[in-house]
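The file input_4.pdb contains PDB, C-alpha atoms:
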```pdb
ATOM      1  CA  MET A   1     -23.104  -3.047  -9.158  1.00  0.00           C
ATOM      2  CA  ALA A   2     -21.213  -5.864 -10.801  1.00  0.00           C
ATOM      3  CA  SER A   3     -20.774  -9.214  -9.129  1.00  0.00           C
ATOM      4  CA  LYS A   4     -17.085  -8.540  -8.401  1.00  0.00           C
ATOM      5  CA  ALA A   5     -17.880  -5.218  -6.766  1.00  0.00           C
ATOM      6  CA  LYS A   6     -20.519  -6.808  -4.529  1.00  0.00           C
ATOM      7  CA  THR A   7     -18.101  -9.575  -3.620  1.00  0.00           C
ATOM      8  CA  LYS A   8     -15.351  -7.105  -2.711  1.00  0.00           C
ATOM      9  CA  LEU A   9     -17.798  -5.054  -0.636  1.00  0.00           C
ATOM     10  CA  THR A  10     -18.881  -8.200   1.199  1.00  0.00           C
ATOM     11  CA  ILE A  11     -15.246  -9.139   1.818  1.00  0.00           C
ATOM     12  CA  THR A  12     -14.582  -5.682   3.265  1.00  0.00           C
ATOM     13  CA  THR A  13     -17.613  -5.983   5.554  1.00  0.00           C
ATOM     14  CA  ILE A  14     -16.672  -9.465   6.738  1.00  0.00           C
ATOM     15  CA  SER A  15     -13.078  -8.389   7.408  1.00  0.00           C
ATOM     16  CA  ALA A  16     -14.267  -5.455   9.525  1.00  0.00           C
ATOM     17  CA  ASN A  17     -16.430  -7.784  11.607  1.00  0.00           C
ATOM     18  CA  LEU A  18     -13.602 -10.283  12.028  1.00  0.00           C
ATOM     19  CA  SER A  19     -11.089  -7.640  13.060  1.00  0.00           C
ATOM     20  CA  ALA A  20     -13.496  -6.268  15.645  1.00  0.00           C
ATOM     21  CA  LYS A  21     -13.523  -9.731  17.220  1.00  0.00           C
ATOM     22  CA  GLY A  22      -9.800 -10.315  16.707  1.00  0.00           C
ATOM     23  CA  GLN A  23     -10.374 -13.377  14.544  1.00  0.00           C
ATOM     24  CA  ASN A  24      -9.474 -14.595  11.076  1.00  0.00           C
ATOM     25  CA  MET A  25     -11.123 -16.870   8.526  1.00  0.00           C
ATOM     26  CA  LYS A  26      -9.809 -19.559   6.230  1.00  0.00           C
ATOM     27  CA  ALA A  27     -10.311 -19.306   2.494  1.00  0.00           C
ATOM     28  CA  GLY A  28     -12.509 -22.394   2.320  1.00  0.00           C
ATOM     29  CA  ARG A  29     -14.951 -20.945   4.836  1.00  0.00           C
ATOM     30  CA  LEU A  30     -15.091 -17.625   2.971  1.00  0.00           C
ATOM     31  CA  ARG A  31     -15.720 -19.505  -0.257  1.00  0.00           C
ATOM     32  CA  ALA A  32     -18.684 -21.294   1.332  1.00  0.00           C
ATOM     33  CA  ILE A  33     -20.102 -18.022   2.655  1.00  0.00           C
ATOM     34  CA  LEU A  34     -19.849 -16.304  -0.734  1.00  0.00           C
ATOM     35  CA  LYS A  35     -21.552 -19.276  -2.369  1.00  0.00           C
ATOM     36  CA  ARG A  36     -24.343 -19.252   0.211  1.00  0.00           C
ATOM     37  CA  LEU A  37     -24.879 -15.515  -0.325  1.00  0.00           C
ATOM     38  CA  GLY A  38     -25.204 -16.200  -4.049  1.00  0.00           C
ATOM     39  CA  LEU A  39     -22.447 -13.802  -5.064  1.00  0.00           C
ATOM     40  CA  LYS A  40     -19.854 -15.736  -7.017  1.00  0.00           C
ATOM     41  CA  ASN A  41     -19.134 -19.432  -7.026  1.00  0.00           C
ATOM     42  CA  TYR A  42     -15.388 -20.035  -6.947  1.00  0.00           C
ATOM     43  CA  LYS A  43     -13.978 -23.405  -7.969  1.00  0.00           C
ATOM     44  CA  SER A  44     -10.928 -23.137  -5.727  1.00  0.00           C
ATOM     45  CA  ASN A  45      -9.689 -21.386  -2.628  1.00  0.00           C
ATOM     46  CA  TRP A  46      -6.984 -19.763  -4.758  1.00  0.00           C
ATOM     47  CA  GLY A  47      -9.675 -17.856  -6.678  1.00  0.00           C
ATOM     48  CA  VAL A  48     -11.115 -16.620  -3.398  1.00  0.00           C
ATOM     49  CA  LEU A  49      -7.705 -15.393  -2.241  1.00  0.00           C
ATOM     50  CA  LYS A  50      -7.231 -13.565  -5.544  1.00  0.00           C
ATOM     51  CA  ILE A  51     -10.486 -11.611  -5.034  1.00  0.00           C
ATOM     52  CA  VAL A  52      -9.430 -10.911  -1.418  1.00  0.00           C
ATOM     53  CA  LYS A  53      -6.176  -9.459  -2.700  1.00  0.00           C
ATOM     54  CA  GLY A  54      -8.168  -7.409  -5.229  1.00  0.00           C
ATOM     55  CA  ALA A  55     -10.319  -6.030  -2.419  1.00  0.00           C
ATOM     56  CA  TYR A  56      -7.125  -5.132  -0.551  1.00  0.00           C
ATOM     57  CA  ARG A  57      -5.747  -3.273  -3.571  1.00  0.00           C
ATOM     58  CA  ASP A  58      -9.019  -1.370  -3.990  1.00  0.00           C
ATOM     59  CA  ALA A  59      -8.923  -0.294  -0.345  1.00  0.00           C
ATOM     60  CA  VAL A  60      -5.346   0.944  -0.741  1.00  0.00           C
ATOM     61  CA  LYS A  61      -6.289   2.881  -3.897  1.00  0.00           C
ATOM     62  CA  ARG A  62      -9.167   4.517  -2.021  1.00  0.00           C
ATOM     63  CA  GLY A  63      -6.763   5.435   0.760  1.00  0.00           C
ATOM     64  CA  ASP A  64      -8.692   3.440   3.340  1.00  0.00           C
ATOM     65  CA  LEU A  65      -5.728   1.987   5.204  1.00  0.00           C
ATOM     66  CA  ILE A  66      -7.784   0.605   8.078  1.00  0.00           C
ATOM     67  CA  ALA A  67      -9.928  -1.465   5.713  1.00  0.00           C
ATOM     68  CA  ALA A  68      -6.795  -2.592   3.874  1.00  0.00           C
ATOM     69  CA  TYR A  69      -5.170  -3.737   7.133  1.00  0.00           C
ATOM     70  CA  ASN A  70      -8.360  -5.552   8.166  1.00  0.00           C
ATOM     71  CA  ILE A  71      -8.605  -7.357   4.835  1.00  0.00           C
ATOM     72  CA  LYS A  72      -4.945  -8.307   4.870  1.00  0.00           C
ATOM     73  CA  HIS A  73      -5.093  -9.890   8.315  1.00  0.00           C
ATOM     74  CA  ALA A  74      -8.627 -11.280   8.341  1.00  0.00           C
ATOM     75  CA  PHE A  75      -8.279 -13.968   5.679  1.00  0.00           C
ATOM     76  CA  VAL A  76      -5.744 -16.789   5.666  1.00  0.00           C
ATOM     77  CA  ARG A  77      -4.940 -19.798   3.545  1.00  0.00           C
ATOM     78  CA  ASP A  78      -6.268 -23.129   4.699  1.00  0.00           C
ATOM     79  CA  ASN A  79      -2.901 -23.993   6.231  1.00  0.00           C
ATOM     80  CA  GLY A  80      -3.174 -20.937   8.524  1.00  0.00           C
ATOM     81  CA  ARG A  81      -0.698 -18.623   6.770  1.00  0.00           C
ATOM     82  CA  TYR A  82      -1.704 -15.189   5.572  1.00  0.00           C
ATOM     83  CA  ALA A  83      -2.830 -14.936   1.976  1.00  0.00           C
ATOM     84  CA  TRP A  84       0.313 -13.001   1.008  1.00  0.00           C
ATOM     85  CA  LYS A  85       3.452 -11.775   2.707  1.00  0.00           C
ATOM     86  CA  ASN A  86       3.574  -7.997   2.226  1.00  0.00           C
TER      87      ASN A  86
END
```
Have the structure of the file written as structure tokens, please.
Amino acid sequence: MASKAKTKLTITTISANLSAKGQNMKAGRLRAILKRLGLKNYKSNWGVLKIVKGAYRDAVKRGDLIAAYNIKHAFVRDNGRYAWKN
């Protein structure tokens, strides 16, 4: 598996755990977790949000709408807004 695929799988797993608890996570915290897991080291929170959006698109393409919803609502920008509007 490529590094991006592992990262997207990890994002999907984390979002499922967060949605089960009814919580969300800021991009900076997710960036620190991915770095600690040794997956991919992002220089900015914007890069992290781009891979989150990529994981969302992959879930939609697979037809896994529950995972897509979890990903969309689990991760937020550092100012508390969702990563994207739609």
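Between CA of Gly38 in chain A and CA of Ser19 in chain A the separation is 23.8 Å.
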request  = Measuring atom to atom with all atoms listed in the file, identify which of A:Lys26, A:Thr12, A:Val76, A:Lys35 is nearest to Asp64 in chain A.
outcome  = A:Thr12
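Among the candidate residues A:Ala74, A:Tyr69, A:Ser3, A:Arg81, the one lying nearest to Leu30 in chain A is A:Ala74, with distances computed using all atoms listed in the file.
On the file presented, the PyMOL selection byres ((chain A and resi 5) around 12) picks out Met1, Ala2, Ser3, Lys4, Lys6, Thr7, Lys8, Leu9, Thr10, Ile11, Thr12, Leu39, Lys40, Ile51, Val52, Gly54, Ala55 and Asp58 of chain A.
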key: Expected selection from the PyMOL selection byres ((chain A and resi 75) around 8), given as a PyMOL selection string   = chain A and resi 15+24-27+52+71-74+76-77+82-83
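Distance-wise, CA of Asn79 in chain A and CA of Leu34 in chain A end up 19.9 Å apart.
Taking CA of Ala16 in chain A and CA of Gly47 in chain A as the two end points, the separation is 20.9 Å.
Considering the residues A:Val60, A:Lys53, A:Ile33, A:Lys43 and counting all atoms listed in the file, Ile14 in chain A has its shortest atom-to-atom contact with A:Ile33.
When all atoms listed in the file are used to measure the gap to Ala32 in chain A, the shortest distance among A:Asp78, A:Asn45, A:Ala68, A:Lys61 belongs to A:Asn45.
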Report, as AutoDock Vina command-line options, the centre and edge lengths in Å (one decimal) of the axis-aligned box enclosing every listed atom of range 42-60 of chain A, padded by 3 Å on each side.
```
--center_x -10.4 --center_y -11.2 --center_z -4.2 --size_x 16.0 --size_y 30.3 --size_z 13.6
```
